[in-house]
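A.B. asks: Before I ask anything, here is the structure I am working with.
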Amino acid sequence: MIPTQFDYLAPTTVEEALAALAEHGDDAKIMAGGQSLLPVLRMRLNAPELVIDLGRIEALRGVRDDGDAVVIGAMTPHAAVGKDPLLAEHAALIPKAVEHLADAQIRHRGTFGGALAHADPAGDLGAPALALGAQFVIAGRGGTRTVAADDFFVDLFETAIGEDEILTEVRIPKHTGWGAHYEKFVRVAHQWPIVAVAAAVRVEGGTIAEARVGLTNMGNTPLRARAVEEALVGQPASEDAVRAAAARAADGTSPPSDLNGDADYRRHLATVVTRRAVLAAAGA
């Protein structure tokens, strides 16, 4: 199928984009990299009168150091995020997750902010952003506001971004010196994860001092495995200790049932994938 007819606008500033959103309201749709929106348009699941392409707004691109955080512009391509040295040093979980995101073509066209704003619970970036306590900077006609990751993901394909707002950047608190790993379970390459786990662990003298664990595709939004995090702190970075903590990975989750596996299968899989991710992050 081909999309229904629509007008196209490519502003060069955030202010121009916000003005267009305000003018056209529900009849407008924002396009970042287009890797999620274009298939939706082609299947006619959405038929906007205007598509506002953010691709020419250079201010929304790039990665920068901002003291205690690394800031990623919303329009930064996945490929640039994956090879950025600041992120590799201070927030290694993000580039490790990007390595597993789709294929090379999508990583070069898709954008970091676009994927997070799309809020697919099976997407590979939500759980790492949640685990690291990311903050989302959102612009509207009245100025900007910052939303914590815990409040950003609202429901299935729904975020805290208003209809008249644009995600401009994502602030990732520095986790310098932390081990990190993203473990993704799929049946075929480049598939959406059946279950995936994002783990960041700080080990001191062989003991886990802090742990952050995010779950992918275990509910309508990315989730924190808080029971696992609490169980890990103070434990040795050993196979037995991590296995015991990972047994609680599915606590409080509501995984979907589909052709790739039912909910019970995903709950079991979450414990296995969590153990692998934490052990790899801890260097055990």
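In the structure tokens, chains take the letters A, B, ... in the order shown, each chain's residues start at 1, and ligands count up from 1 in the order shown.
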Would you list, as a PyMOL selection string, the residues of stretch 127-216 of chain A that end up in strand (DSSP E) under DSSP run on this structure's backbone?

C.D. replies: chain A and resi 135-140+143-148+153-155+158-159+166-173+179-185+195-204+207-216

A.B. asks: Excluding same-chain residues fewer than 2 positions from A:Ala59, what lies within 10 Å of it counting only C-alpha atoms, as a ChimeraX atom specification?

C.D. replies: /A:12-14,56-57,61-62,73-76,168-169

A.B. asks: For a quick check of understanding, using only C-alpha atoms, which of A:Arg248, A:Glu183, A:Asp68, A:Tyr8 has the smallest distance to A:Val98?

C.D. replies: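 Answer, going by the shortest atom-to-atom distance: A:Glu183.
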
A.B. asks: Check the smallest atom-to-atom distance from each of A:Arg109, A:Ile52, A:Ala244, A:Ile172 to A:Val272 using only C-alpha atoms, then report the winner.

C.D. replies: A:Ala244

A.B. asks: Neighbours of A:His118 within 10 Å (only C-alpha atoms; same-chain residues fewer than 5 positions away dropped), as a VMD selection string?

C.D. replies: chain A and resid 32 36 to 37 113 123 126 153 156 to 159

A.B. asks: Name all residues at most 12 Å from stretch 224-230 of chain A (count only C-alpha atoms; drop same-chain ones fewer than 4 positions away) and give them as a PyMOL selection string.

C.D. replies: chain A and resi 126-133+149-150+153+196-202+208-219+234-235+241-253+270-271+274-275+277-278

A.B. asks: Give me, as a PyMOL selection string, all polymer residues having an atom no more than 12 Å from stretch 137-146 of chain A, counting only C-alpha atoms and skipping those fewer than 3 positions away in the same chain.

C.D. replies: chain A and resi 13-23+60+71-74+113+117+134+149-152+159-172

A.B. asks: Could you list, as a list of chain:residue names, every residue within 7 Å of A:Lys174, counting only C-alpha atoms and ignoring same-chain residues fewer than 2 positions away?

C.D. replies: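 So the residues in contact are A:Asp68, A:Ala69, A:Val70, A:His90, A:Ala91, A:Ile172, A:Thr176.
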
A.B. asks: Among stretch 8-247 of chain A, which ones does DSSP assign to alpha helix (DSSP H) (computed from the backbone)? Answer as a CSV table (one decimal) with C-alpha atoms, in the first residue's frame.

C.D. replies:
chain,number,residue,atom,x,y,z
A,14,VAL,CA,12.4,23.8,16.9
A,15,GLU,CA,10.4,27.0,17.0
A,16,GLU,CA,9.2,26.5,13.4
A,17,ALA,CA,8.3,22.9,14.1
A,18,LEU,CA,6.3,23.9,17.2
A,19,ALA,CA,4.5,26.6,15.4
A,20,ALA,CA,3.4,24.1,12.7
A,21,LEU,CA,2.2,21.7,15.3
A,22,ALA,CA,0.2,24.5,17.0
A,23,GLU,CA,-1.4,25.5,13.7
A,24,HIS,CA,-2.3,22.0,12.5
A,37,LEU,CA,6.3,6.3,11.1
A,38,LEU,CA,6.7,5.4,7.4
A,39,PRO,CA,5.5,1.8,7.8
A,40,VAL,CA,2.5,3.1,9.7
A,41,LEU,CA,1.7,5.5,6.9
A,42,ARG,CA,2.1,2.9,4.3
A,78,HIS,CA,21.6,5.4,16.2
A,79,ALA,CA,24.8,4.7,14.4
A,80,ALA,CA,26.3,7.9,15.8
A,81,VAL,CA,25.2,7.0,19.3
A,82,GLY,CA,26.6,3.6,19.0
A,85,PRO,CA,33.3,7.9,22.8
A,86,LEU,CA,31.6,9.9,25.6
A,87,LEU,CA,28.8,7.4,25.8
A,88,ALA,CA,31.2,4.5,25.7
A,89,GLU,CA,33.1,5.9,28.7
A,90,HIS,CA,30.2,7.3,30.8
A,93,LEU,CA,24.8,0.6,28.4
A,94,ILE,CA,23.4,2.9,25.7
A,95,PRO,CA,25.9,2.0,22.8
A,96,LYS,CA,25.8,-1.7,23.9
A,97,ALA,CA,22.0,-1.7,23.4
A,98,VAL,CA,22.3,0.2,20.0
A,104,ALA,CA,22.8,-1.3,9.8
A,105,GLN,CA,20.4,0.6,7.5
A,106,ILE,CA,17.9,1.4,10.2
A,107,ARG,CA,20.7,2.4,12.6
A,108,HIS,CA,21.9,4.9,10.1
A,109,ARG,CA,18.4,6.3,9.4
A,112,PHE,CA,17.6,8.0,19.2
A,113,GLY,CA,14.8,10.3,20.2
A,114,GLY,CA,12.5,9.0,17.6
A,115,ALA,CA,12.7,5.5,18.8
A,116,LEU,CA,12.1,6.5,22.4
A,117,ALA,CA,9.2,8.8,21.5
A,118,HIS,CA,7.6,5.9,19.6
A,126,GLY,CA,13.6,2.1,26.5
A,127,ALA,CA,14.9,-0.3,29.0
A,128,PRO,CA,18.5,1.1,29.0
A,129,ALA,CA,17.3,4.6,29.2
A,130,LEU,CA,15.0,3.7,32.1
A,131,ALA,CA,17.7,1.7,33.9
A,149,ALA,CA,12.4,8.2,32.7
A,150,ASP,CA,10.1,6.7,35.4
A,151,ASP,CA,7.4,9.1,34.2
A,152,PHE,CA,8.1,9.3,30.5
A,226,ARG,CA,13.7,-3.4,41.1
A,227,ALA,CA,13.4,-6.7,43.0
A,228,VAL,CA,16.5,-7.9,41.2
A,229,GLU,CA,18.3,-4.7,41.9
A,230,GLU,CA,17.6,-4.8,45.6
A,231,ALA,CA,18.6,-8.5,45.8
A,232,LEU,CA,21.9,-7.9,44.0
A,239,GLU,CA,27.0,-17.1,39.5
A,240,ASP,CA,25.1,-18.4,42.5
A,241,ALA,CA,24.3,-14.9,43.9
A,242,VAL,CA,23.3,-13.5,40.6
A,243,ARG,CA,21.1,-16.5,39.8
A,244,ALA,CA,19.2,-16.1,43.0
A,245,ALA,CA,18.6,-12.4,42.4
A,246,ALA,CA,17.6,-13.0,38.8

A.B. asks: Quick check, in Å to one decimal: how far apart do atom CA of A:Ala122 and atom CA of A:Trp192 lie?

C.D. replies: 6.1 Å

A.B. asks: Can you work out the spacing between atom CA of A:Pro77 and atom CA of A:Ala92 in Å, to one decimal?

C.D. replies: 16.7 Å

A.B. asks: Distance atom CA of A:Asp155-atom CA of A:Val51, one decimal place?

C.D. replies: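 Calculated distance between atom CA of A:Asp155 and atom CA of A:Val51 is 23.7 Å.
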
A.B. asks: When distances are computed from only C-alpha atoms, which of A:Ser254, A:Gln5, A:Thr207, A:Gln135 shows the smallest separation from A:Pro48?

C.D. replies: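 Counting only C-alpha atoms, the residue closest to A:Pro48 is A:Gln5.
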